[in-house]
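Enquirer: Have a look at the structure that comes next, please.
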Amino acid sequence: MSSSTVERKEKIPVSTILKVLIAPALLFVIDSPIGDKYLFNYGQTIAVVLATLGFIFYYNKSPKRIKKFMLIGTIVGFSGEYIFSILLGMYHYRFDNIPLWLFVGHSLIFVVVLKLIRNPYVSLYEIVITKWLFYFALVYSFICLFWKNDWFGFLSSIVFFIILFYAKKSRLFILIMFSIVVYLEEVGTLTGTWSWPKIAFGVFEWIPSGNPPVGIVIFYLLFTVTVLGIYLNVLHPKVRDRYNRLKV
C-alpha cells in the first residue's frame, strides 16, 4: 500500500461519520417507548441530559464564530419546532410536546455539517462526493414517491432541487445536510420518537405524506439561512458588508 493511499485514508472523517450515525440513533432510542421500557419512563429526561452534554462538549471545542452560530441555533431551532410541530401540526413528538433536547439538537447538526465540509478528505473529493450525494437525493426522492406515495415529500424535494440548482457554492453543504436529515428522520420515526401524519400537515387530504416525508430538509435549510441571517444582519453587519463588497 502506498503512502499516498494511507494519507488519504487517514483524511476520511470516520469518527465524525460514526458520531452522526450512532449518537442520534442512541438518543432517539432512549427517547422512545423502547427507552422508557428499560429506563423506568425517564427516557426523554436522560436524552435531554446526554444532548446537553454533547452540546457543551462541541461548544467548548468550537471557535468563537461557531459558538455564536450554536447559541443562535438554540433559539431558532426551538422556535421553528414550536411553529411547525405545535402550531401547524406538521409532525408530532410522542408526548405531543417539544423534547428539550431539541434546544441543542439543530445546532449540533449544523456544526457537524460544517465540520464535514471542512474536512481535508471531503474537500479533496468535493466534486465526486457532491455528484454521488446528488444521485442519492434524486433516487431516494423517487423511491419515496413510489414506495410511500409521498407526494408531500416529493413536492418538498422539488423545492430542494431548485434551491440546489441556484446555490452553486453551497451544494456540498446542502447535500450533506440532506443525507443527514434523511437518516435522522428515518431513525426518529422508526423508533417512534416522532411521527408524521399520512397527509400534509394532517389537513390536506389531496397531498399524501410519507412517515417521514423525504424533502423536509428544506426546513433545515430555512434554519441555516435564519441563523446566518441573524449572525450577519444583527450581530455582525460589518462582516456582511465586507462580504457584499467582495461579491461586487
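Ordering of the C-alpha cells sets the chain letters (A, B, ...), residue numbers begin anew at 1 in every chain, and ligands are numbered from 1 in the order given.
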For stretch 135-140 of chain A, find every residue with an atom within 9 Å (counting only C-alpha atoms), except residues of its own chain fewer than 3 positions away, and show them as a list in words.
Expert: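 Within the cut-off, the hits are Thr130, Lys131, Trp132, Ile143, Cys144, Leu145, Ser157, Phe161, Leu175, Phe178, Ser179 and Val214 of chain A.
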Enquirer: Which residues come within 8 Å of stretch 105-116 of chain A, counting only C-alpha atoms, excluding same-chain residues fewer than 5 positions away, as a VMD selection string?
Expert: chain A and resid 13 16 20 51 55 58 66 69 to 71 73 to 74 77 122 173 176 to 177 224
Enquirer: Output C-alpha atoms for every residue in the selection just made, as a compact mmCIF listing (two decimals), in the first residue's frame.
Expert:
```txt
# COMPACT_ATOMS: atom_id res chain seq x y z
CA PRO A 13 -13.71 11.73 8.65
CA THR A 16 -17.42 12.27 12.64
CA VAL A 20 -23.58 11.11 13.12
CA ALA A 51 -27.79 16.01 24.28
CA PHE A 55 -23.70 20.46 23.06
CA TYR A 58 -18.82 20.79 20.96
CA ILE A 66 -19.26 28.73 15.61
CA PHE A 69 -23.98 30.06 15.50
CA MET A 70 -24.75 27.39 18.09
CA LEU A 71 -26.31 29.84 20.55
CA GLY A 73 -29.39 27.99 16.67
CA THR A 74 -30.83 27.01 20.05
CA GLY A 77 -34.39 25.70 16.29
CA VAL A 122 -14.06 15.84 1.80
CA PHE A 173 -23.26 21.66 2.40
CA ILE A 176 -24.65 16.58 3.21
CA MET A 177 -27.45 18.21 5.17
CA THR A 224 -29.49 27.59 8.42
```
Enquirer: Measure the distance from atom CA of A:Leu27 to atom CA of A:Tyr59 in Å and round it to one decimal.
Expert: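 One can read the atom CA of A:Leu27 to atom CA of A:Tyr59 distance as 18.7 Å.
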Enquirer: Would you list the contacts of A:Leu21 as a short mmCIF file (atom, residue, chain, number, x, y, z; two decimals) with N, CA and C atoms, in the first residue's frame, taking every protein, DNA or RNA residue within 10 Å and counting only C-alpha atoms, but skipping same-chain residues closer than 5 positions in sequence?
Expert:
```
data_model
loop_
_atom_site.label_atom_id
_atom_site.label_comp_id
_atom_site.auth_asym_id
_atom_site.auth_seq_id
_atom_site.Cartn_x
_atom_site.Cartn_y
_atom_site.Cartn_z
N SER A 15 -14.51 9.23 12.31
CA SER A 15 -15.06 9.46 13.65
C SER A 15 -16.30 10.34 13.60
N THR A 16 -16.26 11.38 12.76
CA THR A 16 -17.42 12.27 12.64
C THR A 16 -18.62 11.54 12.05
N LEU A 26 -28.86 6.48 19.10
CA LEU A 26 -28.91 6.15 20.52
C LEU A 26 -29.84 7.10 21.27
N ILE A 180 -27.92 13.67 5.99
CA ILE A 180 -28.02 13.53 7.44
C ILE A 180 -29.47 13.61 7.91
N TYR A 183 -31.38 10.43 7.19
CA TYR A 183 -31.03 9.40 8.18
C TYR A 183 -31.71 9.66 9.52
N LEU A 184 -31.63 10.88 10.00
CA LEU A 184 -32.23 11.21 11.30
C LEU A 184 -33.74 11.01 11.29
N VAL A 187 -34.60 7.22 11.30
CA VAL A 187 -34.37 6.60 12.62
C VAL A 187 -35.38 7.12 13.63
#
```
Enquirer: Determine, counting only C-alpha atoms, which protein, DNA and RNA residues have an atom within 10 Å of an atom of A:Arg94; residues of the same chain fewer than 5 positions away are not included. Present the result as a ChimeraX atom specification.
Expert: /A:31-33,99,189,192-195
Enquirer: Output the selection as an mmCIF file, in the first residue's frame - N, CA and C atoms for each residue.
Expert:
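Generated output (again-v7.cif):
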```cif
data_model
loop_
_atom_site.group_PDB
_atom_site.id
_atom_site.type_symbol
_atom_site.label_atom_id
_atom_site.label_comp_id
_atom_site.auth_asym_id
_atom_site.auth_seq_id
_atom_site.Cartn_x
_atom_site.Cartn_y
_atom_site.Cartn_z
ATOM 1 N N ASP A 31 -35.100 8.166 23.918
ATOM 2 C CA ASP A 31 -36.347 8.923 23.998
ATOM 3 C C ASP A 31 -37.387 8.269 23.095
ATOM 4 N N SER A 32 -37.765 7.059 23.428
ATOM 5 C CA SER A 32 -38.760 6.312 22.664
ATOM 6 C C SER A 32 -39.461 5.339 23.602
ATOM 7 N N PRO A 33 -40.543 4.716 23.156
ATOM 8 C CA PRO A 33 -41.187 3.691 24.001
ATOM 9 C C PRO A 33 -40.217 2.576 24.404
ATOM 10 N N PRO A 99 -39.529 17.980 22.870
ATOM 11 C CA PRO A 99 -38.461 17.497 23.757
ATOM 12 C C PRO A 99 -37.382 18.559 23.937
ATOM 13 N N THR A 189 -38.445 8.302 13.229
ATOM 14 C CA THR A 189 -39.793 7.766 13.037
ATOM 15 C C THR A 189 -39.836 6.261 13.276
ATOM 16 N N GLY A 192 -40.180 5.605 16.871
ATOM 17 C CA GLY A 192 -41.400 6.129 17.468
ATOM 18 C C GLY A 192 -41.184 7.388 18.286
ATOM 19 N N THR A 193 -40.018 8.023 18.113
ATOM 20 C CA THR A 193 -39.735 9.258 18.839
ATOM 21 C C THR A 193 -40.626 10.390 18.337
ATOM 22 N N TRP A 194 -40.897 10.416 17.052
ATOM 23 C CA TRP A 194 -41.887 11.336 16.487
ATOM 24 C C TRP A 194 -42.507 10.675 15.262
ATOM 25 N N SER A 195 -43.555 11.283 14.738
ATOM 26 C CA SER A 195 -44.245 10.721 13.569
ATOM 27 C C SER A 195 -44.849 11.838 12.736
#
```
Enquirer: Check the DSSP output for the backbone and give back, as a PDB file with C-alpha atoms, in the first residue's frame, the residues of stretch 23-222 of chain A in alpha helix (DSSP H).
Expert:
```
ATOM      1  CA  ALA A  23     -25.161   9.252  18.630  1.00  0.00           C
ATOM      2  CA  PRO A  24     -28.566  10.398  17.253  1.00  0.00           C
ATOM      3  CA  ALA A  25     -29.789   6.808  16.890  1.00  0.00           C
ATOM      4  CA  LEU A  26     -28.906   6.152  20.522  1.00  0.00           C
ATOM      5  CA  LEU A  27     -30.605   9.384  21.588  1.00  0.00           C
ATOM      6  CA  PHE A  28     -33.794   8.543  19.693  1.00  0.00           C
ATOM      7  CA  VAL A  29     -33.907   5.009  21.101  1.00  0.00           C
ATOM      8  CA  ILE A  30     -33.543   6.408  24.616  1.00  0.00           C
ATOM      9  CA  PRO A  33     -41.187   3.691  24.001  1.00  0.00           C
ATOM     10  CA  ILE A  34     -38.263   1.250  23.860  1.00  0.00           C
ATOM     11  CA  GLY A  35     -36.141   3.507  26.050  1.00  0.00           C
ATOM     12  CA  ASP A  36     -38.924   4.088  28.548  1.00  0.00           C
ATOM     13  CA  LYS A  37     -39.394   0.357  28.925  1.00  0.00           C
ATOM     14  CA  TYR A  38     -35.835  -0.120  30.175  1.00  0.00           C
ATOM     15  CA  GLY A  43     -36.034   8.106  28.576  1.00  0.00           C
ATOM     16  CA  GLN A  44     -36.719  11.654  27.472  1.00  0.00           C
ATOM     17  CA  THR A  45     -35.075  13.140  30.572  1.00  0.00           C
ATOM     18  CA  ILE A  46     -31.921  11.084  30.019  1.00  0.00           C
ATOM     19  CA  ALA A  47     -31.903  12.078  26.330  1.00  0.00           C
ATOM     20  CA  VAL A  48     -32.026  15.755  27.326  1.00  0.00           C
ATOM     21  CA  VAL A  49     -29.038  15.309  29.657  1.00  0.00           C
ATOM     22  CA  LEU A  50     -26.986  13.482  27.008  1.00  0.00           C
ATOM     23  CA  ALA A  51     -27.792  16.012  24.278  1.00  0.00           C
ATOM     24  CA  THR A  52     -26.899  18.897  26.574  1.00  0.00           C
ATOM     25  CA  LEU A  53     -23.555  17.297  27.439  1.00  0.00           C
ATOM     26  CA  GLY A  54     -22.862  16.820  23.724  1.00  0.00           C
ATOM     27  CA  PHE A  55     -23.702  20.460  23.061  1.00  0.00           C
ATOM     28  CA  ILE A  56     -21.369  21.636  25.851  1.00  0.00           C
ATOM     29  CA  PHE A  57     -18.589  19.415  24.506  1.00  0.00           C
ATOM     30  CA  TYR A  58     -18.815  20.786  20.957  1.00  0.00           C
ATOM     31  CA  TYR A  59     -19.363  24.330  22.191  1.00  0.00           C
ATOM     32  CA  ASN A  60     -16.158  24.300  24.227  1.00  0.00           C
ATOM     33  CA  LYS A  61     -14.175  22.900  21.282  1.00  0.00           C
ATOM     34  CA  LYS A  64     -15.895  31.915  18.657  1.00  0.00           C
ATOM     35  CA  ARG A  65     -17.894  32.283  15.443  1.00  0.00           C
ATOM     36  CA  ILE A  66     -19.261  28.728  15.607  1.00  0.00           C
ATOM     37  CA  LYS A  67     -20.185  29.265  19.258  1.00  0.00           C
ATOM     38  CA  LYS A  68     -22.349  32.200  18.209  1.00  0.00           C
ATOM     39  CA  PHE A  69     -23.976  30.064  15.496  1.00  0.00           C
ATOM     40  CA  MET A  70     -24.746  27.393  18.093  1.00  0.00           C
ATOM     41  CA  LEU A  71     -26.308  29.839  20.546  1.00  0.00           C
ATOM     42  CA  ILE A  72     -28.420  31.466  17.845  1.00  0.00           C
ATOM     43  CA  GLY A  73     -29.390  27.987  16.668  1.00  0.00           C
ATOM     44  CA  THR A  74     -30.831  27.011  20.051  1.00  0.00           C
ATOM     45  CA  ILE A  75     -33.362  29.833  19.836  1.00  0.00           C
ATOM     46  CA  VAL A  76     -34.105  29.495  16.107  1.00  0.00           C
ATOM     47  CA  GLY A  77     -34.390  25.703  16.291  1.00  0.00           C
ATOM     48  CA  PHE A  78     -36.760  25.646  19.234  1.00  0.00           C
ATOM     49  CA  SER A  79     -38.880  28.449  17.752  1.00  0.00           C
ATOM     50  CA  GLY A  80     -39.134  26.524  14.494  1.00  0.00           C
ATOM     51  CA  GLU A  81     -40.151  23.360  16.322  1.00  0.00           C
ATOM     52  CA  LEU A 102     -34.239  19.937  20.553  1.00  0.00           C
ATOM     53  CA  PHE A 103     -32.927  23.168  22.093  1.00  0.00           C
ATOM     54  CA  VAL A 104     -29.463  21.941  21.160  1.00  0.00           C
ATOM     55  CA  GLY A 105     -30.243  19.305  18.513  1.00  0.00           C
ATOM     56  CA  HIS A 106     -30.438  21.534  15.451  1.00  0.00           C
ATOM     57  CA  SER A 107     -27.273  23.400  16.380  1.00  0.00           C
ATOM     58  CA  LEU A 108     -25.385  20.122  16.692  1.00  0.00           C
ATOM     59  CA  ILE A 109     -26.496  19.062  13.199  1.00  0.00           C
ATOM     60  CA  PHE A 110     -25.362  22.416  11.836  1.00  0.00           C
ATOM     61  CA  VAL A 111     -21.931  22.085  13.485  1.00  0.00           C
ATOM     62  CA  VAL A 112     -21.454  18.519  12.211  1.00  0.00           C
ATOM     63  CA  VAL A 113     -22.206  19.538   8.615  1.00  0.00           C
ATOM     64  CA  LEU A 114     -19.762  22.441   8.857  1.00  0.00           C
ATOM     65  CA  LYS A 115     -17.133  20.084  10.247  1.00  0.00           C
ATOM     66  CA  LEU A 116     -17.641  17.602   7.414  1.00  0.00           C
ATOM     67  CA  ILE A 117     -17.388  20.121   4.567  1.00  0.00           C
ATOM     68  CA  PRO A 120      -9.439  17.765   4.110  1.00  0.00           C
ATOM     69  CA  TYR A 121     -10.597  14.475   2.598  1.00  0.00           C
ATOM     70  CA  VAL A 122     -14.062  15.845   1.797  1.00  0.00           C
ATOM     71  CA  SER A 123     -12.519  18.991   0.299  1.00  0.00           C
ATOM     72  CA  LEU A 124     -10.166  16.887  -1.836  1.00  0.00           C
ATOM     73  CA  GLU A 126     -15.702  17.561  -3.192  1.00  0.00           C
ATOM     74  CA  ILE A 127     -16.794  17.120  -6.832  1.00  0.00           C
ATOM     75  CA  VAL A 128     -17.122  13.331  -6.571  1.00  0.00           C
ATOM     76  CA  ILE A 129     -18.907  13.424  -3.202  1.00  0.00           C
ATOM     77  CA  THR A 130     -21.283  16.133  -4.407  1.00  0.00           C
ATOM     78  CA  LYS A 131     -22.128  14.106  -7.515  1.00  0.00           C
ATOM     79  CA  TRP A 132     -22.906  10.895  -5.614  1.00  0.00           C
ATOM     80  CA  LEU A 133     -24.884  12.660  -2.905  1.00  0.00           C
ATOM     81  CA  PHE A 134     -26.914  14.332  -5.652  1.00  0.00           C
ATOM     82  CA  TYR A 135     -27.659  10.926  -7.208  1.00  0.00           C
ATOM     83  CA  PHE A 136     -28.659   9.631  -3.781  1.00  0.00           C
ATOM     84  CA  ALA A 137     -31.023  12.566  -3.167  1.00  0.00           C
ATOM     85  CA  LEU A 138     -32.609  12.182  -6.603  1.00  0.00           C
ATOM     86  CA  VAL A 139     -33.084   8.400  -6.432  1.00  0.00           C
ATOM     87  CA  TYR A 140     -34.262   8.456  -2.827  1.00  0.00           C
ATOM     88  CA  SER A 141     -36.873  11.111  -3.616  1.00  0.00           C
ATOM     89  CA  PHE A 142     -38.378   8.980  -6.394  1.00  0.00           C
ATOM     90  CA  ILE A 143     -38.218   5.822  -4.269  1.00  0.00           C
ATOM     91  CA  CYS A 144     -40.208   7.541  -1.523  1.00  0.00           C
ATOM     92  CA  LEU A 145     -42.720   8.841  -4.049  1.00  0.00           C
ATOM     93  CA  PHE A 146     -43.479   5.410  -5.499  1.00  0.00           C
ATOM     94  CA  TRP A 147     -42.909   3.311  -2.372  1.00  0.00           C
ATOM     95  CA  LYS A 148     -44.619   5.532   0.214  1.00  0.00           C
ATOM     96  CA  TRP A 151     -46.285  13.430  -2.576  1.00  0.00           C
ATOM     97  CA  PHE A 152     -45.708  15.945   0.214  1.00  0.00           C
ATOM     98  CA  GLY A 153     -42.072  14.883   0.459  1.00  0.00           C
ATOM     99  CA  PHE A 154     -41.644  14.789  -3.325  1.00  0.00           C
ATOM    100  CA  LEU A 155     -43.029  18.313  -3.743  1.00  0.00           C
ATOM    101  CA  SER A 156     -40.659  19.424  -0.991  1.00  0.00           C
ATOM    102  CA  SER A 157     -37.847  17.678  -2.873  1.00  0.00           C
ATOM    103  CA  ILE A 158     -38.647  19.710  -5.979  1.00  0.00           C
ATOM    104  CA  VAL A 159     -38.158  22.881  -3.912  1.00  0.00           C
ATOM    105  CA  PHE A 160     -34.942  21.351  -2.572  1.00  0.00           C
ATOM    106  CA  PHE A 161     -33.536  20.711  -6.060  1.00  0.00           C
ATOM    107  CA  ILE A 162     -34.460  24.231  -7.170  1.00  0.00           C
ATOM    108  CA  ILE A 163     -32.510  25.602  -4.193  1.00  0.00           C
ATOM    109  CA  LEU A 164     -29.650  23.260  -5.034  1.00  0.00           C
ATOM    110  CA  PHE A 165     -29.570  24.480  -8.640  1.00  0.00           C
ATOM    111  CA  TYR A 166     -29.124  28.122  -7.669  1.00  0.00           C
ATOM    112  CA  ARG A 171     -24.145  22.396  -2.931  1.00  0.00           C
ATOM    113  CA  LEU A 172     -21.909  20.158  -0.838  1.00  0.00           C
ATOM    114  CA  PHE A 173     -23.259  21.655   2.399  1.00  0.00           C
ATOM    115  CA  ILE A 174     -26.855  21.266   1.210  1.00  0.00           C
ATOM    116  CA  LEU A 175     -26.408  17.673   0.021  1.00  0.00           C
ATOM    117  CA  ILE A 176     -24.647  16.583   3.207  1.00  0.00           C
ATOM    118  CA  MET A 177     -27.451  18.205   5.165  1.00  0.00           C
ATOM    119  CA  PHE A 178     -29.990  16.305   3.038  1.00  0.00           C
ATOM    120  CA  SER A 179     -28.286  12.962   3.700  1.00  0.00           C
ATOM    121  CA  ILE A 180     -28.017  13.534   7.445  1.00  0.00           C
ATOM    122  CA  VAL A 181     -31.624  14.713   7.743  1.00  0.00           C
ATOM    123  CA  VAL A 182     -32.881  11.692   5.783  1.00  0.00           C
ATOM    124  CA  TYR A 183     -31.030   9.401   8.175  1.00  0.00           C
ATOM    125  CA  LEU A 184     -32.229  11.213  11.303  1.00  0.00           C
ATOM    126  CA  GLU A 185     -35.833  11.280  10.118  1.00  0.00           C
ATOM    127  CA  GLU A 186     -35.850   7.597   9.247  1.00  0.00           C
ATOM    128  CA  VAL A 187     -34.372   6.604  12.618  1.00  0.00           C
ATOM    129  CA  GLY A 188     -36.563   9.015  14.576  1.00  0.00           C
ATOM    130  CA  THR A 189     -39.793   7.766  13.037  1.00  0.00           C
ATOM    131  CA  LEU A 190     -38.710   4.130  13.142  1.00  0.00           C
ATOM    132  CA  VAL A 217     -34.580  19.132   4.587  1.00  0.00           C
ATOM    133  CA  ILE A 218     -35.786  22.449   3.128  1.00  0.00           C
ATOM    134  CA  PHE A 219     -36.919  23.376   6.640  1.00  0.00           C
ATOM    135  CA  TYR A 220     -33.437  22.634   7.981  1.00  0.00           C
ATOM    136  CA  LEU A 221     -32.080  24.890   5.251  1.00  0.00           C
ATOM    137  CA  LEU A 222     -34.506  27.557   6.436  1.00  0.00           C
TER     138      LEU A 222
END
```
Enquirer: In stretch 12-238 of chain A, what's strand (DSSP E) per DSSP? Answer as a list in words?
Expert: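 Everything in stretch 12-238 of chain A that counts as strand (DSSP E) is His92, Tyr93, Trp194, Ser195, Ile199, Ala200, Phe204, Glu205, Trp206, Ile207 and Pro208 of chain A.
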Enquirer: Write a file of the just-selected residues containing N, CA and C atoms, as a JSON list (two decimals), in the first residue's frame.
Expert:
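Wrote it out as selection.json, contents follow:
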```json
[["chain", "number", "residue", "atom", "x", "y", "z"],
["A", 92, "HIS", "N", -45.52, 15.24, 14.93],
["A", 92, "HIS", "CA", -45.85, 15.18, 16.35],
["A", 92, "HIS", "C", -44.83, 14.31, 17.09],
["A", 93, "TYR", "N", -44.33, 14.83, 18.20],
["A", 93, "TYR", "CA", -43.49, 14.02, 19.08],
["A", 93, "TYR", "C", -44.38, 13.15, 19.95],
["A", 194, "TRP", "N", -40.90, 10.42, 17.05],
["A", 194, "TRP", "CA", -41.89, 11.34, 16.49],
["A", 194, "TRP", "C", -42.51, 10.67, 15.26],
["A", 195, "SER", "N", -43.55, 11.28, 14.74],
["A", 195, "SER", "CA", -44.24, 10.72, 13.57],
["A", 195, "SER", "C", -44.85, 11.84, 12.74],
["A", 199, "ILE", "N", -51.19, 12.66, 5.74],
["A", 199, "ILE", "CA", -51.41, 13.73, 4.77],
["A", 199, "ILE", "C", -50.67, 14.97, 5.25],
["A", 200, "ALA", "N", -50.35, 15.86, 4.33],
["A", 200, "ALA", "CA", -49.55, 17.04, 4.67],
["A", 200, "ALA", "C", -50.22, 17.87, 5.75],
["A", 204, "PHE", "N", -54.34, 18.47, 4.56],
["A", 204, "PHE", "CA", -54.55, 18.45, 3.12],
["A", 204, "PHE", "C", -54.65, 17.01, 2.62],
["A", 205, "GLU", "N", -55.86, 16.52, 2.50],
["A", 205, "GLU", "CA", -56.09, 15.12, 2.12],
["A", 205, "GLU", "C", -55.62, 14.82, 0.70],
["A", 206, "TRP", "N", -55.50, 15.83, -0.12],
["A", 206, "TRP", "CA", -55.08, 15.62, -1.51],
["A", 206, "TRP", "C", -53.56, 15.58, -1.65],
["A", 207, "ILE", "N", -52.81, 15.72, -0.52],
["A", 207, "ILE", "CA", -51.35, 15.61, -0.56],
["A", 207, "ILE", "C", -50.91, 14.52, 0.41],
["A", 208, "PRO", "N", -50.84, 13.27, -0.04],
["A", 208, "PRO", "CA", -50.36, 12.19, 0.83],
["A", 208, "PRO", "C", -48.92, 12.44, 1.27]]
```
